[in-house]
file coords.csv (CSV, C-alpha atoms)
chain,number,residue,atom,x,y,z
B,1,MET,CA,47.7,174.0,62.9
B,2,ILE,CA,48.4,172.0,66.0
B,3,ALA,CA,49.3,168.4,65.4
B,4,HIS,CA,47.7,166.0,67.8
B,5,PRO,CA,49.6,162.7,68.5
B,6,ILE,CA,47.8,159.7,67.1
B,7,PRO,CA,47.2,157.3,69.9
B,8,ALA,CA,49.1,154.1,69.4
B,9,LYS,CA,46.9,151.1,68.6
B,10,LYS,CA,46.7,148.5,71.2
B,11,PRO,CA,48.1,145.2,70.1
B,12,ARG,CA,45.4,142.7,69.2
B,13,SER,CA,45.3,140.1,71.9
B,14,LEU,CA,44.9,136.5,71.1
B,15,PRO,CA,42.4,134.3,73.0
B,16,GLY,CA,45.1,132.6,74.9
B,17,ASP,CA,46.6,136.0,76.0
B,18,ARG,CA,43.6,137.2,77.9
B,19,PRO,CA,43.7,136.5,81.6
B,20,GLU,CA,41.0,134.2,82.8
B,21,PRO,CA,38.3,135.8,85.0
B,22,ARG,CA,38.9,135.0,88.6
B,23,ASP,CA,35.6,133.2,88.9
B,24,THR,CA,36.5,130.9,86.0
B,25,VAL,CA,39.7,129.8,87.8
B,26,GLN,CA,37.9,129.4,91.0
B,27,SER,CA,35.2,127.2,89.3
B,28,LEU,CA,38.0,125.0,87.9
B,29,SER,CA,39.6,124.6,91.3
B,30,ARG,CA,36.3,123.7,92.9
B,31,ALA,CA,35.4,121.2,90.1
B,32,LEU,CA,38.8,119.5,90.6
B,33,ARG,CA,38.1,119.4,94.3
B,34,LEU,CA,34.8,117.6,93.7
B,35,LEU,CA,36.6,115.0,91.5
B,36,ASN,CA,39.2,114.4,94.2
B,37,VAL,CA,36.5,113.9,96.8
B,38,LEU,CA,34.6,111.5,94.5
B,39,ALA,CA,37.8,109.6,93.7
B,40,ALA,CA,38.3,108.8,97.4
B,41,GLN,CA,34.8,107.3,97.7
B,42,GLU,CA,34.2,104.0,96.1
B,43,GLY,CA,30.4,104.0,96.5
B,44,GLY,CA,29.7,107.5,95.4
B,45,LEU,CA,28.1,110.4,97.3
B,46,SER,CA,24.8,112.2,97.3
B,47,LEU,CA,24.7,115.9,96.4
B,48,SER,CA,24.5,117.1,100.0
B,49,GLU,CA,27.2,114.7,101.1
B,50,LEU,CA,29.5,115.8,98.3
B,51,ALA,CA,28.9,119.5,99.0
B,52,LYS,CA,29.6,119.0,102.7
B,53,ALA,CA,32.8,117.0,102.0
B,54,ALA,CA,34.1,119.6,99.5
B,55,GLY,CA,33.1,122.6,101.7
B,56,LEU,CA,30.8,124.1,99.0
B,57,ALA,CA,27.2,125.3,98.8
B,58,VAL,CA,24.8,122.7,97.5
B,59,SER,CA,23.8,125.0,94.6
B,60,THR,CA,27.4,125.5,93.6
B,61,THR,CA,28.1,121.8,93.8
B,62,HIS,CA,25.1,121.0,91.6
B,63,ARG,CA,26.1,123.5,89.0
B,64,LEU,CA,29.7,122.2,88.8
B,65,LEU,CA,28.5,118.6,88.7
B,66,THR,CA,26.2,119.2,85.8
B,67,THR,CA,29.0,120.8,83.9
B,68,LEU,CA,31.3,117.9,84.6
B,69,GLN,CA,28.6,115.5,83.7
B,70,GLN,CA,28.3,117.0,80.2
B,71,ASP,CA,31.9,115.8,79.4
B,72,HIS,CA,31.5,112.5,81.3
B,73,PHE,CA,33.9,113.3,84.1
B,74,VAL,CA,31.2,112.4,86.6
B,75,ARG,CA,27.9,110.5,86.4
B,76,PHE,CA,24.7,110.4,88.4
B,77,GLU,CA,23.3,107.1,89.4
B,78,ALA,CA,19.6,107.8,89.6
B,79,GLU,CA,18.6,104.5,91.4
B,80,ARG,CA,20.9,105.2,94.3
B,81,GLY,CA,20.8,109.0,94.1
B,82,VAL,CA,24.6,109.3,94.2
B,83,TRP,CA,27.3,110.9,92.1
B,84,THR,CA,30.4,108.9,91.0
B,85,VAL,CA,33.5,109.4,88.9
B,86,GLY,CA,32.8,109.2,85.2
B,87,VAL,CA,34.6,107.4,82.4
B,88,GLN,CA,36.4,110.4,81.0
B,89,ALA,CA,38.2,110.8,84.3
B,90,PHE,CA,39.5,107.2,83.7
B,91,VAL,CA,40.6,108.2,80.2
B,92,VAL,CA,42.6,111.1,81.4
B,93,GLY,CA,44.1,109.1,84.2
B,94,SER,CA,45.1,106.4,81.9
B,95,ALA,CA,47.2,108.8,79.9
B,96,PHE,CA,49.4,109.2,83.0
B,97,LEU,CA,49.8,105.5,83.3
B,98,ARG,CA,51.0,105.3,79.7
B,99,SER,CA,53.5,108.1,80.1
B,100,ARG,CA,55.0,107.4,83.6
B,101,GLU,CA,58.6,106.2,83.8
B,102,LEU,CA,59.7,104.9,87.2
B,103,THR,CA,63.3,105.9,87.0
B,104,VAL,CA,62.4,109.5,85.9
B,105,LEU,CA,59.8,109.8,88.7
B,106,ALA,CA,62.2,108.3,91.3
B,107,ARG,CA,65.2,110.5,90.5
B,108,PRO,CA,64.3,113.6,92.6
B,109,ALA,CA,63.6,111.5,95.7
B,110,MET,CA,66.8,109.5,95.1
B,111,ARG,CA,68.9,112.6,95.0
B,112,HIS,CA,67.2,114.1,98.1
B,113,LEU,CA,67.8,110.8,100.0
B,114,MET,CA,71.5,110.8,98.9
B,115,GLU,CA,72.0,114.4,100.1
B,116,ARG,CA,70.1,113.7,103.3
B,117,SER,CA,72.0,110.5,104.2
B,118,GLY,CA,75.4,111.0,102.5
B,119,GLU,CA,75.2,107.4,101.1
B,120,THR,CA,74.6,105.9,97.7
B,121,VAL,CA,71.0,105.3,96.7
B,122,ASN,CA,69.9,102.6,94.3
B,123,LEU,CA,66.7,101.6,92.5
B,124,ALA,CA,66.1,97.9,91.7
B,125,VAL,CA,63.5,95.7,90.1
B,126,GLU,CA,62.9,92.0,90.2
B,127,ASP,CA,63.8,90.1,87.0
B,128,ARG,CA,63.8,86.3,86.7
B,129,GLY,CA,64.0,85.9,90.4
B,130,GLU,CA,66.9,88.3,91.0
B,131,ALA,CA,67.1,91.9,91.9
B,132,VAL,CA,68.5,94.1,89.1
B,133,TYR,CA,69.7,97.6,89.7
B,134,VAL,CA,68.3,100.1,87.2
B,135,ALA,CA,69.3,103.5,88.6
B,136,GLN,CA,71.8,104.9,91.0
B,137,VAL,CA,72.7,108.2,92.7
B,138,GLU,CA,76.2,107.9,94.0
B,139,CYS,CA,77.4,109.6,97.1
B,140,ARG,CA,80.4,111.9,97.1
B,141,LYS,CA,82.5,110.0,99.6
B,142,MET,CA,85.7,108.1,98.6
B,143,MET,CA,84.5,104.9,100.1
B,144,ARG,CA,81.1,103.9,98.7
B,145,ALA,CA,79.0,101.0,97.5
B,146,ILE,CA,80.1,99.7,94.1
B,147,ALA,CA,76.8,98.1,92.7
B,148,ARG,CA,76.1,99.6,89.3
B,149,PRO,CA,73.0,99.8,87.2
B,150,GLY,CA,72.6,96.5,85.4
B,151,GLY,CA,74.1,94.6,88.3
B,152,ARG,CA,72.2,91.7,89.9
B,153,ALA,CA,71.8,90.5,93.4
B,154,LEU,CA,70.2,87.4,95.0
B,155,MET,CA,66.9,88.2,96.6
B,156,HIS,CA,67.3,86.5,99.9
B,157,CYS,CA,70.6,88.3,100.9
B,158,SER,CA,70.1,91.8,99.5
B,159,ALA,CA,68.0,94.5,101.1
B,160,VAL,CA,66.2,95.3,97.8
B,161,GLY,CA,65.5,91.6,97.3
B,162,LYS,CA,64.1,91.2,100.8
B,163,ALA,CA,62.0,94.3,100.4
B,164,LEU,CA,60.4,92.9,97.3
B,165,LEU,CA,60.0,89.3,98.6
B,166,ALA,CA,58.3,90.7,101.7
B,167,THR,CA,55.7,92.6,99.7
B,168,MET,CA,55.0,90.5,96.6
B,169,PRO,CA,52.4,87.7,96.7
B,170,ARG,CA,53.8,84.9,98.8
B,171,ASP,CA,53.4,82.2,96.2
B,172,ASP,CA,55.6,84.3,93.9
B,173,GLY,CA,58.2,84.6,96.5
B,174,GLU,CA,58.1,80.9,97.3
B,175,ARG,CA,58.6,80.1,93.6
B,176,ILE,CA,61.6,82.4,93.4
B,177,LEU,CA,63.2,80.8,96.5
B,178,ALA,CA,62.5,77.3,95.2
B,179,VAL,CA,64.3,78.1,91.9
B,180,HIS,CA,67.3,80.1,93.3
B,181,GLY,CA,67.6,78.5,96.8
B,182,LEU,CA,69.3,80.2,99.7
B,183,PRO,CA,73.0,80.1,98.8
B,184,ARG,CA,75.5,81.5,101.3
B,185,GLU,CA,77.3,84.6,100.2
B,186,THR,CA,78.9,85.5,103.5
B,187,ALA,CA,78.9,84.2,107.0
B,188,ARG,CA,75.9,86.4,107.8
B,189,THR,CA,73.7,85.3,104.9
B,190,ILE,CA,70.3,83.9,106.0
B,191,CYS,CA,70.3,80.3,104.7
B,192,SER,CA,67.3,78.9,106.6
B,193,ALA,CA,63.9,79.2,105.0
B,194,ALA,CA,62.3,79.5,108.4
B,195,LYS,CA,64.6,82.3,109.5
B,196,LEU,CA,64.1,84.1,106.2
B,197,ARG,CA,60.3,83.9,106.5
B,198,SER,CA,60.6,85.3,110.0
B,199,GLU,CA,62.8,88.1,108.7
B,200,LEU,CA,60.2,88.9,105.9
B,201,VAL,CA,57.5,89.3,108.6
B,202,ALA,CA,59.7,91.8,110.3
B,203,VAL,CA,60.3,93.7,107.0
B,204,ARG,CA,56.5,94.0,106.5
B,205,ARG,CA,56.0,95.2,110.0
B,206,ARG,CA,58.6,97.9,110.0
B,207,GLY,CA,58.3,98.9,106.3
B,208,TYR,CA,62.0,98.4,105.3
B,209,ALA,CA,64.5,95.6,104.9
B,210,VAL,CA,68.1,95.4,106.1
B,211,ASP,CA,71.1,93.7,104.5
B,212,ASP,CA,73.6,93.4,107.4
B,213,GLU,CA,76.7,92.2,105.6
B,214,GLU,CA,74.7,89.3,104.1
B,215,ASN,CA,75.7,90.0,100.5
B,216,ALA,CA,79.2,91.5,101.0
B,217,ILE,CA,81.3,91.8,104.1
B,218,GLY,CA,81.7,95.4,105.2
B,219,LEU,CA,78.6,96.6,103.5
B,220,ARG,CA,75.2,97.4,105.0
B,221,CYS,CA,72.0,98.3,103.0
B,222,VAL,CA,68.5,99.3,103.9
B,223,ALA,CA,65.6,99.2,101.4
B,224,ALA,CA,61.9,99.8,101.0
B,225,ALA,CA,59.4,98.7,98.3
B,226,ILE,CA,57.7,101.0,95.8
B,227,PHE,CA,54.1,100.1,94.8
B,228,ASP,CA,51.9,100.4,91.8
B,229,GLU,CA,48.2,101.3,91.7
B,230,HIS,CA,47.3,97.7,92.6
B,231,ALA,CA,49.5,97.8,95.8
B,232,GLN,CA,51.9,95.4,94.2
B,233,PRO,CA,55.7,96.0,94.4
B,234,VAL,CA,57.3,97.3,91.2
B,235,ALA,CA,60.7,98.2,92.6
B,236,ALA,CA,62.7,98.8,95.7
B,237,LEU,CA,64.7,101.8,96.8
B,238,SER,CA,67.9,101.2,98.8
B,239,LEU,CA,70.6,103.1,100.6
B,240,SER,CA,74.0,101.4,101.0
B,241,GLY,CA,77.3,102.2,102.6
B,242,PRO,CA,80.2,100.7,104.6
B,243,THR,CA,79.7,99.4,108.1
B,244,ALA,CA,82.3,102.0,109.2
B,245,ARG,CA,79.6,104.7,108.5
B,246,ILE,CA,76.4,102.7,109.0
B,247,GLY,CA,76.6,101.5,112.6
B,248,ASP,CA,73.9,99.7,114.5
B,249,GLU,CA,72.4,103.0,115.8
B,250,MET,CA,72.1,104.3,112.2
B,251,ILE,CA,70.0,101.5,110.8
B,252,GLU,CA,66.6,102.5,112.1
B,253,PRO,CA,66.8,106.2,111.2
B,254,LEU,CA,68.1,105.4,107.8
B,255,GLY,CA,65.5,102.7,107.3
B,256,LEU,CA,62.7,105.3,108.1
B,257,ALA,CA,64.3,107.8,105.7
B,258,VAL,CA,64.4,105.2,102.9
B,259,ARG,CA,60.7,104.2,103.7
B,260,GLU,CA,59.7,107.8,103.5
B,261,ALA,CA,61.5,108.3,100.1
B,262,ALA,CA,59.9,105.1,98.8
B,263,ASN,CA,56.5,106.3,99.8
B,264,LYS,CA,57.0,109.5,97.9
B,265,ILE,CA,58.0,107.7,94.8
B,266,THR,CA,54.9,105.4,95.2
B,267,ALA,CA,52.7,108.5,95.3
B,268,ALA,CA,54.5,110.1,92.3
B,269,PHE,CA,54.0,106.8,90.4
B,270,GLY,CA,50.3,106.8,91.2
B,271,GLY,CA,50.6,103.8,93.4
B,272,GLN,CA,49.4,102.9,96.9
B,273,PRO,CA,50.9,100.9,99.7
B,274,PRO,CA,49.3,97.5,100.6
B,275,ALA,CA,47.0,97.0,103.6
B,276,ALA,CA,48.8,96.0,106.8
B,277,GLN,CA,50.1,92.4,106.7
B,278,ASP,CA,51.2,90.0,109.4
call {"tool": "encode", "arguments": {"input": "coords.csv", "output": "structure tokens"}}
result
Amino acid sequence: MIAHPIPAKKPRSLPGDRPEPRDTVQSLSRALRLLNVLAAQEGGLSLSELAKAAGLAVSTTHRLLTTLQQDHFVRFEAERGVWTVGVQAFVVGSAFLRSRELTVLARPAMRHLMERSGETVNLAVEDRGEAVYVAQVECRKMMRAIARPGGRALMHCSAVGKALLATMPRDDGERILAVHGLPRETARTICSAAKLRSELVAVRRRGYAVDDEENAIGLRCVAAAIFDEHAQPVAALSLSGPTARIGDEMIEPLGLAVREAANKITAAFGGQPPAAQD
């Protein structure tokens, strides 16, 4: 009698173990593409406009929209004949707003900026009319900036403060300056309201602020604002180091690097920069 091997039983697969069919994954990707296109259009789009913008066939677009509509991710306005983002998309997006933490979201960009520049990087917020440092990535050099998380700086003579003053509502900035004044910290501190206003215009124009030994002799800083979803400044990112390393020729390239890093944090935070100001 010849014994035949009993074939081993295949392990029972669980629903989550089965690979998704390729067309299901593709449909999900296309549906998300439609949501992204609609999110960028305040007034909504017709079926044909949406299909063209997403690079999809009209029939495919309609099928995906009706599926999204069932779960209220999109809605159809019959009077205008356009599709818009639905309430469920807002519910999902709000979950991100509740869970986001600025210092956590900013950390990767801060580390990258420190490695790129070789200088200490700080994150600061406004509190009671002063700039308060809330996070820091120290450089590895012996001579470095000494501001620590929890430390405070006056707004008019710090790069982070000027970045925030330049981008917050002007009435708010004027109230801060009225309360705290323009005390002189060093011989280079801007103590004239007219000169400070002119400086803030320049900050808005170039997208970054400069502290040129205005808060401490021998120290230079550059900073740029980080914005929320309402285009309001929530924090400022700064890079600081001794004048021996940050010469005049370094200010612009470092300022552009800080602005780029701040823009990345703004995007990670779900924010948007304000419209161009004078």
call {"tool": "closest_residue", "arguments": {"input": "coords.csv", "among": "B:Lys195, B:Leu64, B:His230, B:Val134", "to": "Glu101 in chain B", "atoms": "all atoms listed in the file"}}
result
B:Val134
call {"tool": "residues_around", "arguments": {"input": "coords.csv", "residues": "range 231-242 of chain B", "least_positions_apart": "5", "cutoff": "8 Å", "atoms": "all atoms listed in the file", "output": "number ranges by chain"}}
result
B: 114, 119-126, 143-145, 159-161, 163-164, 167-168, 218-226, 254, 258, 261-262, 271-274
call {"tool": "atom_distance", "arguments": {"input": "coords.csv", "atom1": "CA of Asp211 in chain B", "atom2": "CA of Thr103 in chain B"}}
result
22.7 Å
call {"tool": "atom_distance", "arguments": {"input": "coords.csv", "atom1": "CA of Arg30 in chain B", "atom2": "CA of Leu65 in chain B"}}
result
10.2 Å
call {"tool": "closest_residue", "arguments": {"input": "coords.csv", "among": "B:Ala267, B:Ala40, B:Leu47, B:Leu105", "to": "Phe76 in chain B", "atoms": "all atoms listed in the file"}}
result
B:Leu47
call {"tool": "residues_around", "arguments": {"input": "coords.csv", "residues": "Val201 in chain B", "least_positions_apart": "4", "cutoff": "12 Å", "atoms": "all atoms listed in the file", "output": "count of residues only"}}
result
18
call {"tool": "atom_distance", "arguments": {"input": "coords.csv", "atom1": "CA of Ser192 in chain B", "atom2": "CA of Arg204 in chain B"}}
result
18.6 Å
call {"tool": "residues_around", "arguments": {"input": "coords.csv", "residues": "range 35-39 of chain B", "least_positions_apart": "5", "cutoff": "8 Å", "atoms": "all atoms listed in the file", "output": "MDAnalysis selection string"}}
result
chainID B and resid 44:45 50 53:54 74 83:85
call {"tool": "closest_residue", "arguments": {"input": "coords.csv", "among": "B:Glu79, B:Glu115, B:Glu49, B:Glu214", "to": "Glu185 in chain B", "atoms": "all atoms listed in the file"}}
result
B:Glu214
call {"tool": "residues_around", "arguments": {"input": "coords.csv", "residues": "His72 in chain B", "least_positions_apart": "3", "cutoff": "8 Å", "atoms": "all atoms listed in the file", "output": "number ranges by chain"}}
result
B: 68-69, 75, 86-89
call {"tool": "residues_around", "arguments": {"input": "coords.csv", "residues": "Ala51 in chain B", "least_positions_apart": "4", "cutoff": "10 Å", "atoms": "all atoms listed in the file", "output": "PDB file with C-alpha atoms, in the coordinates of the input"}}
result
ATOM      1  CA  LEU B  34      34.800 117.600  93.700  1.00  0.00           C
ATOM      2  CA  VAL B  37      36.500 113.900  96.800  1.00  0.00           C
ATOM      3  CA  LEU B  45      28.100 110.400  97.300  1.00  0.00           C
ATOM      4  CA  SER B  46      24.800 112.200  97.300  1.00  0.00           C
ATOM      5  CA  LEU B  47      24.700 115.900  96.400  1.00  0.00           C
ATOM      6  CA  GLY B  55      33.100 122.600 101.700  1.00  0.00           C
ATOM      7  CA  LEU B  56      30.800 124.100  99.000  1.00  0.00           C
ATOM      8  CA  ALA B  57      27.200 125.300  98.800  1.00  0.00           C
ATOM      9  CA  VAL B  58      24.800 122.700  97.500  1.00  0.00           C
ATOM     10  CA  SER B  59      23.800 125.000  94.600  1.00  0.00           C
ATOM     11  CA  THR B  60      27.400 125.500  93.600  1.00  0.00           C
ATOM     12  CA  THR B  61      28.100 121.800  93.800  1.00  0.00           C
ATOM     13  CA  HIS B  62      25.100 121.000  91.600  1.00  0.00           C
TER      14      HIS B  62
END
call {"tool": "closest_residue", "arguments": {"input": "coords.csv", "among": "B:Ser27, B:Ser117, B:Ser158, B:Thr243", "to": "Arg140 in chain B", "atoms": "only C-alpha atoms"}}
result
B:Ser117
